[in-house]
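File shown here: input21.txt, holding compact mmCIF, C-alpha atoms.
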```txt
# COMPACT_ATOMS: atom_id res chain seq x y z
CA MET A 1 45.94 121.65 21.89
CA VAL A 2 47.52 123.96 24.42
CA THR A 3 46.06 127.48 24.39
CA LEU A 4 46.33 130.63 26.52
CA THR A 5 43.00 129.61 28.07
CA SER A 6 44.34 126.24 29.19
CA ALA A 7 47.46 127.97 30.49
CA GLU A 8 45.24 130.36 32.50
CA ASN A 9 43.37 127.43 34.01
CA ALA A 10 46.62 125.68 34.92
CA LEU A 11 47.97 128.75 36.69
CA LYS A 12 44.74 129.32 38.62
CA THR A 13 43.90 125.74 39.59
CA LEU A 14 47.10 123.70 39.55
CA TYR A 15 49.92 126.05 40.43
CA LEU A 16 48.49 128.76 42.69
CA GLY A 17 47.97 126.60 45.78
CA VAL A 18 51.32 124.86 45.44
CA VAL A 19 53.24 128.10 44.90
CA ALA A 20 51.45 129.88 47.76
CA ASP A 21 52.32 127.02 50.12
CA GLN A 22 55.94 127.08 49.00
CA LEU A 23 56.22 130.83 49.54
CA ASN A 24 54.46 130.76 52.91
CA THR A 25 56.22 127.81 54.56
CA ASN A 26 59.36 126.92 52.64
CA VAL A 27 61.16 130.25 52.31
CA ASN A 28 63.11 129.62 55.51
CA PRO A 29 62.53 128.21 59.03
CA LEU A 30 61.82 131.65 60.54
CA LEU A 31 58.98 132.48 58.15
CA ALA A 32 57.53 129.03 58.75
CA ARG A 33 57.18 129.93 62.45
CA ILE A 34 55.42 133.26 61.87
CA ALA A 35 51.61 133.14 61.87
CA GLN A 36 49.86 134.74 58.90
CA THR A 37 46.57 136.51 59.50
CA SER A 38 44.10 138.86 57.84
CA SER A 39 43.09 140.43 61.17
CA ASP A 40 43.81 144.09 61.98
CA VAL A 41 43.91 144.99 58.28
CA TRP A 42 41.89 148.14 57.57
CA GLY A 43 41.88 149.25 53.96
CA LYS A 44 45.50 149.78 52.95
CA GLU A 45 46.81 149.82 56.53
CA ILE A 46 47.50 147.52 59.44
CA ARG A 47 46.19 149.04 62.68
CA LYS A 48 46.86 146.89 65.68
CA LEU A 49 46.36 147.49 69.40
CA ALA A 50 49.45 146.24 71.21
CA PRO A 51 49.27 145.77 75.00
CA PHE A 52 52.28 146.69 77.14
CA GLY A 53 52.97 146.50 80.85
CA ILE A 54 50.29 144.92 83.05
CA ASN A 55 46.80 145.63 84.35
CA GLY A 56 46.97 148.06 87.29
CA GLY A 57 43.78 147.03 89.08
CA ILE A 58 45.60 144.88 91.64
CA GLY A 59 46.28 145.66 95.30
CA ALA A 60 46.20 144.41 98.87
CA GLY A 61 44.06 146.04 101.60
CA THR A 62 42.40 145.74 104.95
CA GLU A 63 39.43 143.52 105.76
CA ASP A 64 36.90 146.34 105.56
CA GLY A 65 38.85 148.87 103.50
CA GLU A 66 38.31 150.08 99.98
CA LEU A 67 38.90 147.78 97.05
CA PRO A 68 41.72 148.53 94.58
CA GLY A 69 40.83 151.08 91.93
CA ALA A 70 40.40 149.82 88.39
CA ALA A 71 43.27 150.44 86.00
CA SER A 72 42.84 148.67 82.70
CA ASN A 73 45.50 147.32 80.37
CA ASN A 74 47.85 149.70 78.59
CA TYR A 75 47.53 149.75 74.80
CA ALA A 76 49.35 151.47 71.97
CA GLN A 77 48.31 151.45 68.34
CA PHE A 78 50.76 150.15 65.77
CA VAL A 79 50.24 151.50 62.24
CA LEU A 80 51.86 150.17 59.08
CA THR A 81 51.00 150.51 55.41
CA LEU A 82 50.56 147.18 53.64
CA LYS A 83 53.54 146.42 51.41
CA ASN A 84 52.94 145.31 47.83
CA LEU A 85 54.80 142.07 47.09
CA TYR A 86 55.01 140.90 43.48
CA GLY A 87 56.42 137.97 41.54
CA THR A 88 56.24 137.86 37.74
CA ILE A 89 56.76 135.05 35.24
CA GLU A 90 57.32 135.61 31.52
CA ILE A 91 56.69 133.28 28.56
CA SER A 92 57.36 134.14 24.94
CA ASP A 93 54.75 133.64 22.24
CA LYS A 94 57.27 131.53 20.35
CA ALA A 95 57.66 129.13 23.29
CA ILE A 96 53.88 128.79 23.65
CA ARG A 97 53.41 128.05 19.94
CA ALA A 98 56.29 125.57 19.93
CA SER A 99 54.57 123.53 22.63
CA GLN A 100 50.98 123.86 21.37
CA ASN A 101 50.80 120.25 20.21
CA SER A 102 52.57 118.78 23.23
CA ALA A 103 50.92 119.09 26.63
CA GLY A 104 54.01 117.61 28.26
CA ALA A 105 56.30 120.22 26.75
CA PHE A 106 54.00 123.01 27.86
CA VAL A 107 53.80 121.63 31.40
CA ASN A 108 57.61 121.53 31.52
CA LEU A 109 57.69 125.14 30.31
CA LEU A 110 55.30 126.30 33.02
CA GLU A 111 57.03 124.29 35.73
CA ALA A 112 60.40 125.79 34.81
CA GLU A 113 58.95 129.30 35.06
CA MET A 114 57.23 128.58 38.38
CA GLU A 115 60.36 126.99 39.86
CA GLY A 116 62.33 130.07 38.85
CA LEU A 117 59.72 132.31 40.46
CA ILE A 118 59.78 130.30 43.69
CA LYS A 119 63.60 130.36 43.82
CA ALA A 120 63.72 134.13 43.33
CA SER A 121 60.93 134.67 45.84
CA ARG A 122 62.64 132.54 48.48
CA PHE A 123 65.78 134.62 48.10
CA ASN A 124 64.04 137.98 48.28
CA PHE A 125 61.44 137.26 50.97
CA GLY A 126 64.06 135.55 53.11
CA ARG A 127 66.22 138.64 52.73
CA MET A 128 63.36 140.98 53.66
CA LEU A 129 62.81 139.24 57.01
CA PHE A 130 66.16 140.60 58.18
CA GLY A 131 65.77 144.02 56.56
CA ASP A 132 64.48 147.31 57.93
CA GLY A 133 61.94 148.00 55.19
CA SER A 134 64.22 150.38 53.27
CA GLY A 135 64.98 147.81 50.60
CA VAL A 136 68.73 148.53 50.71
CA ILE A 137 70.60 145.35 49.79
CA ALA A 138 74.11 146.85 49.70
CA LYS A 139 75.93 150.18 49.89
CA ALA A 140 78.34 151.34 47.22
CA ALA A 141 81.99 151.92 48.06
CA SER A 142 83.22 152.87 44.58
CA GLN A 143 82.33 152.63 40.87
CA ALA A 144 84.32 151.86 37.74
CA GLY A 145 82.05 151.80 34.70
CA ASN A 146 79.40 149.14 35.28
CA VAL A 147 81.35 147.53 38.13
CA ILE A 148 80.34 148.68 41.60
CA THR A 149 82.26 147.74 44.72
CA VAL A 150 79.88 147.26 47.67
CA ASP A 151 80.14 146.83 51.41
CA SER A 152 78.56 143.34 51.35
CA VAL A 153 77.44 140.80 48.76
CA LYS A 154 75.29 138.82 51.21
CA ASN A 155 72.02 140.14 49.75
CA VAL A 156 72.89 140.20 46.04
CA ILE A 157 72.88 137.43 43.45
CA GLU A 158 73.29 137.12 39.69
CA GLY A 159 70.08 137.83 37.81
CA MET A 160 68.66 140.43 40.19
CA VAL A 161 67.37 143.62 38.59
CA VAL A 162 68.47 146.57 40.73
CA ASP A 163 68.37 150.34 41.05
CA VAL A 164 71.04 152.60 42.48
CA VAL A 165 69.59 155.23 44.80
CA SER A 166 71.47 158.36 45.81
CA ALA A 167 72.03 158.49 49.55
CA THR A 168 71.96 162.29 49.33
CA SER A 169 68.89 163.00 47.20
CA GLN A 170 67.06 159.69 47.73
CA SER A 171 66.45 159.58 43.96
CA VAL A 172 67.22 156.75 41.52
CA THR A 173 70.41 157.45 39.57
CA VAL A 174 70.73 154.08 37.81
CA SER A 175 67.49 152.29 36.97
CA ALA A 176 66.56 148.64 36.37
CA ARG A 177 69.99 147.15 35.59
CA ARG A 178 70.46 143.40 35.82
CA ILE A 179 73.33 141.98 37.85
CA THR A 180 75.39 139.91 35.41
CA ASP A 181 78.28 139.00 37.71
CA VAL A 182 79.07 138.94 41.43
CA ASP A 183 82.68 138.70 42.59
CA ARG A 184 82.23 137.60 46.19
CA SER A 185 85.92 137.83 47.05
CA ALA A 186 86.35 141.36 45.72
CA LYS A 187 82.80 142.37 46.78
CA THR A 188 81.89 143.74 43.37
CA VAL A 189 78.76 143.52 41.22
CA THR A 190 78.65 144.08 37.47
CA LEU A 191 75.52 145.63 35.96
CA SER A 192 74.14 145.13 32.45
CA GLY A 193 73.46 147.81 29.86
CA ALA A 194 75.27 150.86 28.59
CA SER A 195 78.37 152.02 30.42
CA ILE A 196 77.53 154.04 33.52
CA ALA A 197 79.14 157.47 33.49
CA ALA A 198 81.93 158.07 35.99
CA SER A 199 80.88 159.47 39.38
CA THR A 200 77.24 158.52 38.81
CA VAL A 201 77.46 156.21 41.82
CA ALA A 202 78.88 157.84 44.94
CA GLU A 203 80.25 156.19 48.05
CA GLY A 204 77.37 155.29 50.36
CA ASP A 205 74.72 155.13 47.62
CA TYR A 206 72.21 152.31 47.92
CA LEU A 207 71.60 149.25 45.78
CA THR A 208 67.96 148.16 45.90
CA VAL A 209 65.79 145.69 44.03
CA GLN A 210 64.05 147.50 41.15
CA GLY A 211 61.36 149.86 42.44
CA SER A 212 61.66 148.54 45.98
CA TYR A 213 63.29 151.44 47.82
CA GLY A 214 61.25 152.07 50.97
CA ASN A 215 58.68 149.45 49.98
CA GLU A 216 59.84 146.20 51.58
CA LEU A 217 58.67 144.24 54.63
CA THR A 218 59.34 145.65 58.10
CA GLY A 219 61.80 143.00 59.25
CA LEU A 220 64.16 142.40 62.16
CA GLY A 221 66.40 145.23 60.99
CA ALA A 222 63.64 147.71 61.89
CA ILE A 223 63.00 146.18 65.32
CA PHE A 224 66.67 146.16 66.32
CA GLY A 225 67.69 149.24 64.31
CA SER A 226 68.47 152.75 65.49
CA SER A 227 65.52 154.53 63.87
CA GLU A 228 63.57 156.65 66.36
CA LYS A 229 60.22 155.44 65.03
CA LEU A 230 58.82 151.93 64.93
CA TYR A 231 55.27 151.13 63.76
CA GLY A 232 54.41 154.83 63.90
CA LEU A 233 55.51 155.29 67.55
CA THR A 234 58.65 156.94 68.94
CA ARG A 235 61.04 154.82 70.98
CA THR A 236 61.89 157.74 73.27
CA ALA A 237 58.32 157.99 74.55
CA ASN A 238 57.77 154.21 74.49
CA LYS A 239 60.73 152.48 76.10
CA TRP A 240 59.01 149.09 75.77
CA LEU A 241 59.70 149.29 72.03
CA ALA A 242 63.42 148.77 72.75
CA PRO A 243 64.52 145.12 72.47
CA TYR A 244 67.40 143.59 74.41
CA LYS A 245 70.73 144.22 72.69
CA ALA A 246 74.13 142.98 73.85
CA THR A 247 77.61 142.40 72.45
CA ALA A 248 79.87 139.41 73.00
CA SER A 249 83.01 138.32 71.21
CA ALA A 250 82.48 134.65 72.07
CA ILE A 251 79.13 132.87 72.00
CA THR A 252 78.59 130.60 75.02
CA ASP A 253 75.71 129.04 76.91
CA VAL A 254 76.01 131.76 79.56
CA VAL A 255 75.71 134.56 76.97
CA ILE A 256 72.61 132.94 75.45
CA GLN A 257 71.06 132.19 78.84
CA LYS A 258 71.57 135.76 80.05
CA ALA A 259 69.58 137.06 77.07
CA ILE A 260 66.82 134.48 77.63
CA ASP A 261 66.64 135.28 81.36
CA THR A 262 66.46 139.03 80.65
CA LEU A 263 63.54 138.55 78.25
CA ASP A 264 61.72 136.52 80.89
CA GLU A 265 62.41 138.96 83.74
CA VAL A 266 61.73 142.19 81.85
CA ALA A 267 58.93 141.18 79.48
CA GLY A 268 57.70 137.77 80.59
CA SER A 269 58.74 136.56 77.16
CA ALA A 270 59.64 132.91 76.53
CA ALA A 271 62.21 132.57 73.74
CA ASP A 272 61.39 129.74 71.34
CA PHE A 273 63.62 130.36 68.31
CA ILE A 274 67.25 131.37 67.75
CA VAL A 275 68.55 132.43 64.34
CA CYS A 276 72.08 133.51 63.47
CA SER A 277 74.65 133.65 60.68
CA ALA A 278 76.37 130.43 59.63
CA GLY A 279 79.66 131.63 61.12
CA VAL A 280 78.04 132.21 64.51
CA LYS A 281 76.43 128.77 64.40
CA ARG A 282 79.82 127.20 63.70
CA ALA A 283 81.34 129.18 66.58
CA TYR A 284 78.68 127.83 68.94
CA GLN A 285 79.21 124.27 67.66
CA GLU A 286 82.93 124.65 68.30
CA TYR A 287 82.16 125.86 71.82
CA LEU A 288 80.03 122.76 72.43
CA VAL A 289 82.69 120.40 71.10
CA THR A 290 85.43 122.12 73.10
CA ASN A 291 83.38 121.73 76.27
CA ARG A 292 82.52 118.13 75.40
CA SER A 293 78.81 118.88 75.17
CA ASN A 294 76.43 116.93 72.98
CA VAL A 295 75.24 118.68 69.82
CA ASP A 296 71.51 117.93 69.85
CA VAL A 297 69.67 118.01 66.52
CA MET A 298 65.93 118.61 66.15
CA ASN A 299 63.46 118.58 63.24
CA LEU A 300 61.45 121.70 62.44
CA GLN A 301 58.30 122.46 60.45
CA GLY A 302 58.95 122.46 56.72
CA GLY A 303 61.54 119.68 56.89
CA TYR A 304 64.32 121.85 58.34
CA LYS A 305 66.87 120.60 60.88
CA ALA A 306 68.47 122.62 63.67
CA ILE A 307 70.82 122.23 66.57
CA SER A 308 69.29 122.87 69.98
CA TYR A 309 69.92 124.98 73.05
CA ASN A 310 67.79 123.58 75.92
CA GLY A 311 65.11 122.59 73.43
CA ILE A 312 65.22 125.92 71.55
CA PRO A 313 66.21 125.49 67.88
CA ILE A 314 69.29 127.34 66.64
CA VAL A 315 69.07 127.91 62.89
CA SER A 316 71.58 129.60 60.60
CA ASP A 317 70.26 131.83 57.84
CA ARG A 318 72.20 133.14 54.86
CA PHE A 319 70.74 136.64 55.36
CA ALA A 320 71.41 136.99 59.09
CA PRO A 321 73.99 139.76 59.64
CA ASP A 322 77.55 138.58 60.24
CA GLY A 323 78.48 138.06 63.88
CA THR A 324 74.86 138.29 65.02
CA MET A 325 72.42 136.02 66.85
CA TYR A 326 68.71 136.78 67.33
CA ILE A 327 66.80 135.20 70.22
CA LEU A 328 63.09 135.49 69.51
CA ASN A 329 59.63 134.66 70.78
CA THR A 330 58.02 133.88 67.43
CA SER A 331 54.49 133.92 68.89
CA ASP A 332 54.87 137.72 69.05
CA PHE A 333 55.31 137.97 65.26
CA HIS A 334 52.47 138.08 62.74
CA LEU A 335 52.43 138.59 59.00
CA HIS A 336 49.27 140.65 58.47
CA GLN A 337 47.89 140.31 54.96
CA LEU A 338 44.97 141.58 52.95
CA CYS A 339 44.83 138.16 51.27
CA ASP A 340 47.09 135.23 50.49
CA TRP A 341 49.00 135.02 47.22
CA ARG A 342 46.76 135.69 44.21
CA TRP A 343 47.28 136.14 40.49
CA LEU A 344 46.92 139.75 39.41
CA GLU A 345 43.79 139.80 37.24
CA GLY A 346 42.55 142.39 34.76
CA ASP A 347 38.96 143.56 34.39
CA ASP A 348 38.38 140.61 32.08
CA GLY A 349 39.57 138.13 34.68
CA ARG A 350 42.67 137.19 32.69
CA VAL A 351 45.94 136.56 34.51
CA ILE A 352 48.12 136.10 31.42
CA LYS A 353 48.66 139.37 29.57
CA GLN A 354 50.69 140.37 26.55
CA VAL A 355 53.45 142.89 27.17
CA ALA A 356 52.76 145.99 25.07
CA ASN A 357 54.51 145.87 21.69
CA LYS A 358 56.30 142.60 22.53
CA PRO A 359 55.63 138.94 21.61
CA VAL A 360 55.76 138.04 25.30
CA TYR A 361 53.15 137.12 27.89
CA THR A 362 53.42 137.69 31.64
CA ALA A 363 51.54 136.66 34.78
CA THR A 364 52.06 138.27 38.19
CA LEU A 365 51.54 136.93 41.70
CA VAL A 366 50.67 139.53 44.32
CA LYS A 367 50.34 139.71 48.09
CA TYR A 368 49.64 142.79 50.24
CA ALA A 369 51.19 142.28 53.67
CA ASP A 370 53.64 143.42 56.33
CA MET A 371 55.11 142.01 59.52
CA ILE A 372 54.55 143.27 63.07
CA CYS A 373 56.17 142.18 66.31
CA ASP A 374 53.61 142.71 69.09
CA ARG A 375 56.27 142.87 71.81
CA PRO A 376 59.66 144.23 70.66
CA ILE A 377 60.91 144.29 74.26
CA GLY A 378 60.50 140.51 74.30
CA GLN A 379 63.18 139.94 71.62
CA ALA A 380 66.99 139.88 71.87
CA MET A 381 70.02 140.39 69.67
CA ILE A 382 73.65 139.55 70.43
CA SER A 383 76.17 141.09 68.05
CA GLY A 384 79.94 141.37 67.69
CA ILE A 385 80.40 137.58 67.86
CA THR A 386 83.63 136.20 66.37
CA GLU A 387 82.65 133.81 63.60
CA LYS A 388 84.26 130.49 62.70
```
I need this file expressed as structure tokens, please.
Amino acid sequence: MVTLTSAENALKTLYLGVVADQLNTNVNPLLARIAQTSSDVWGKEIRKLAPFGINGGIGAGTEDGELPGAASNNYAQFVLTLKNLYGTIEISDKAIRASQNSAGAFVNLLEAEMEGLIKASRFNFGRMLFGDGSGVIAKAASQAGNVITVDSVKNVIEGMVVDVVSATSQSVTVSARRITDVDRSAKTVTLSGASIAASTVAEGDYLTVQGSYGNELTGLGAIFGSSEKLYGLTRTANKWLAPYKATASAITDVVIQKAIDTLDEVAGSAADFIVCSAGVKRAYQEYLVTNRSNVDVMNLQGGYKAISYNGIPIVSDRFAPDGTMYILNTSDFHLHQLCDWRWLEGDDGRVIKQVANKPVYTATLVKYADMICDRPIGQAMISGITEK
């Protein structure tokens, strides 16, 4: 007979390893290239010494002159607070009781929940890699009842539970509403629940995943963004925090090579991964076909395929900003974590808990982590590209 105890054991022994592997390597090709480590984690913070420049203890002199003076490496300390990443599954008491006498039915029930969790996690963690940590997934343009027109629907999908945050007060004005419909042509999202009063949502207000405002991973948007601070340091006083940024209407081999050469000359950085929007990838493929160049295809870790530029994979990602290509040295990126994915356990060691006053049980996966790029100056972004 299937019981809550057997369900607990299944989640801990059968599903945890599989789900953790899926979330760590199969979210997208970029995450699969980023090393995950528990080093440099101190309590609730990541504190990492990042070298910049070169050792200054080098010089040339006379045969009997003084030796060069010592000048050690330059270091700066990056500081980030670990982000709290959660994924929750929910099973009703009725569903559990209905499958008590059928192990196969219960396994199907658990697998359906876990597959749903993995799908939602892939979407959200993939999105966070390109974010700036703010958690903003779209900005409101206008509101009519529960229908909100937004600037972009790239980061939203039916089923998400979202908040609306005032851009002026930074407070939540609409809380925990589920997206029931996305009109991708009109760029509108429809929220569940009671009708939202007129003028509650102002132009420029933020849509965020429930409770996530200011709590998401520090992604590429932070590295290439305009914020004065990065990892606790100011860009004005630390010019090496500024990555290479260029604009180009057409994407060509020369544009890509110029960015790669600049990274090598300025930072000694060897680009090994290129990620862009699907429209930019198509524009580059068209360029290759027009110039009668071969479109080389390569296999990547995790079963992904990519076209190649001089042996460097070019991958399109659904969350990459429109008209944008990132040229990265992925060895400079690390996902620092307190631990790998774990089930959230109570004092009694249970991972399945009843929701207060409801005939429903939940279990929550948790990971405390954030991403740091050791050498921002060794990364490049080309924007303004005309998509195809």
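Among A:Pro243, A:Gly159, A:Gly126, A:Gly65, the residue with the shortest atom-to-atom distance to Gln210 (chain A), counting all atoms listed in the file, is A:Gly159.
What separates CA of Thr386 (chain A) from CA of Val289 (chain A) is a distance of 16.5 Å.
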_Who sits within 9 Å of region 302-312 of chain A, only C-alpha atoms, same chain under 2 positions skipped, as an MDAnalysis selection string_ = chainID A and resid 25:26 28:29 32 253 256 271:274 281 285 295:300 314:316
_Between CA of Ser226 (chain A) and CA of Val136 (chain A), distance in Å (one decimal)_ = 15.4 Å
*asked:* Show me, as a PyMOL selection string, the residues that have an atom within 10 Å of region 37-54 of chain A when counting all atoms listed in the file, minus same-chain residues fewer than 2 positions from it.
replied: chain A and resi 34-35+56-58+71-83+231+238+240-241+266-268+334-340+368-375+377
Neighbouring residues of Asn9 (chain A) were defined as those with any atom within 12 Å, considering all atoms listed in the file; residues of the same chain fewer than 5 positions away were excluded. Please report them as a PDB file with C-alpha atoms, in the coordinates of the input.
```pdb
ATOM      1  CA  VAL A   2      47.520 123.960  24.420  1.00  0.00           C
ATOM      2  CA  THR A   3      46.060 127.480  24.390  1.00  0.00           C
ATOM      3  CA  LEU A   4      46.330 130.630  26.520  1.00  0.00           C
ATOM      4  CA  LEU A  14      47.100 123.700  39.550  1.00  0.00           C
ATOM      5  CA  TYR A  15      49.920 126.050  40.430  1.00  0.00           C
ATOM      6  CA  LEU A  16      48.490 128.760  42.690  1.00  0.00           C
ATOM      7  CA  TRP A 343      47.280 136.140  40.490  1.00  0.00           C
ATOM      8  CA  GLY A 349      39.570 138.130  34.680  1.00  0.00           C
ATOM      9  CA  ARG A 350      42.670 137.190  32.690  1.00  0.00           C
ATOM     10  CA  VAL A 351      45.940 136.560  34.510  1.00  0.00           C
ATOM     11  CA  ILE A 352      48.120 136.100  31.420  1.00  0.00           C
TER      12      ILE A 352
END
```
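Each of A:Leu288, A:Leu30, A:Val161, A:Leu11 was compared to Gly193 (chain A) using all atoms listed in the file, and A:Val161 turns out to be the nearest.
Residue nearest Ser92 (chain A), chosen from A:Thr236, A:Gln354, A:Asn291, A:Ser121 and counting all atoms listed in the file: A:Gln354.
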Using all atoms of region 197-207 of chain A listed in the file and a margin of 4 Å per side, can you give the axis-aligned box centre and edge lengths in Å to one decimal, as JSON?
```
{"center_x": 76.8, "center_y": 154.4, "center_z": 41.9, "size_x": 18.3, "size_y": 18.2, "size_z": 24.9}
```
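Near region 260-262 of chain A, within 8 Å and counting only C-alpha atoms, sit Tyr244, Ala270, Ala271, Ile327 and Ala380 of chain A; same-chain residues fewer than 6 positions away were not included.
For the residues A:Leu230, A:Ile91, A:Ala176, A:Cys276, ranking by smallest atom-to-atom distance to Ile385 (chain A) using all atoms listed in the file places A:Cys276 first.
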*What does the distance between CA of Leu217 (chain A) and CA of Ser269 (chain A) come to in Å, to one decimal place?*
23.8 Å
Will you give me region 114-125 of chain A, written with N, CA, C and O atoms and laid out as an mmCIF file, in the first residue's frame?
```
data_model
loop_
_atom_site.group_PDB
_atom_site.id
_atom_site.type_symbol
_atom_site.label_atom_id
_atom_site.label_comp_id
_atom_site.auth_asym_id
_atom_site.auth_seq_id
_atom_site.Cartn_x
_atom_site.Cartn_y
_atom_site.Cartn_z
ATOM 1 N N MET A 114 6.733 15.836 -10.832
ATOM 2 C CA MET A 114 8.153 16.144 -10.969
ATOM 3 C C MET A 114 8.463 16.698 -12.360
ATOM 4 O O MET A 114 9.273 17.613 -12.507
ATOM 5 N N GLU A 115 7.813 16.144 -13.385
ATOM 6 C CA GLU A 115 8.025 16.667 -14.737
ATOM 7 C C GLU A 115 7.537 18.108 -14.848
ATOM 8 O O GLU A 115 8.169 18.945 -15.510
ATOM 9 N N GLY A 116 6.412 18.403 -14.181
ATOM 10 C CA GLY A 116 5.920 19.778 -14.174
ATOM 11 C C GLY A 116 6.878 20.718 -13.465
ATOM 12 O O GLY A 116 7.108 21.848 -13.906
ATOM 13 N N LEU A 117 7.453 20.237 -12.358
ATOM 14 C CA LEU A 117 8.421 21.044 -11.611
ATOM 15 C C LEU A 117 9.661 21.309 -12.449
ATOM 16 O O LEU A 117 10.175 22.436 -12.494
ATOM 17 N N ILE A 118 10.157 20.283 -13.131
ATOM 18 C CA ILE A 118 11.352 20.445 -13.962
ATOM 19 C C ILE A 118 11.086 21.419 -15.109
ATOM 20 O O ILE A 118 11.912 22.295 -15.408
ATOM 21 N N LYS A 119 9.916 21.308 -15.741
ATOM 22 C CA LYS A 119 9.579 22.207 -16.847
ATOM 23 C C LYS A 119 9.530 23.657 -16.378
ATOM 24 O O LYS A 119 10.091 24.558 -17.031
ATOM 25 N N ALA A 120 8.876 23.892 -15.244
ATOM 26 C CA ALA A 120 8.780 25.257 -14.718
ATOM 27 C C ALA A 120 10.147 25.783 -14.298
ATOM 28 O O ALA A 120 10.474 26.956 -14.500
ATOM 29 N N SER A 121 10.965 24.903 -13.721
ATOM 30 C CA SER A 121 12.296 25.313 -13.271
ATOM 31 C C SER A 121 13.196 25.649 -14.447
ATOM 32 O O SER A 121 13.945 26.621 -14.403
ATOM 33 N N ARG A 122 13.118 24.842 -15.512
ATOM 34 C CA ARG A 122 13.909 25.140 -16.706
ATOM 35 C C ARG A 122 13.577 26.529 -17.233
ATOM 36 O O ARG A 122 14.465 27.301 -17.594
ATOM 37 N N PHE A 123 12.289 26.825 -17.295
ATOM 38 C CA PHE A 123 11.864 28.133 -17.799
ATOM 39 C C PHE A 123 12.419 29.250 -16.931
ATOM 40 O O PHE A 123 13.036 30.200 -17.428
ATOM 41 N N ASN A 124 12.239 29.148 -15.631
ATOM 42 C CA ASN A 124 12.605 30.245 -14.740
ATOM 43 C C ASN A 124 14.108 30.378 -14.530
ATOM 44 O O ASN A 124 14.633 31.499 -14.501
ATOM 45 N N PHE A 125 14.826 29.273 -14.385
ATOM 46 C CA PHE A 125 16.270 29.384 -14.194
ATOM 47 C C PHE A 125 16.960 29.804 -15.483
ATOM 48 O O PHE A 125 17.948 30.542 -15.461
#
```
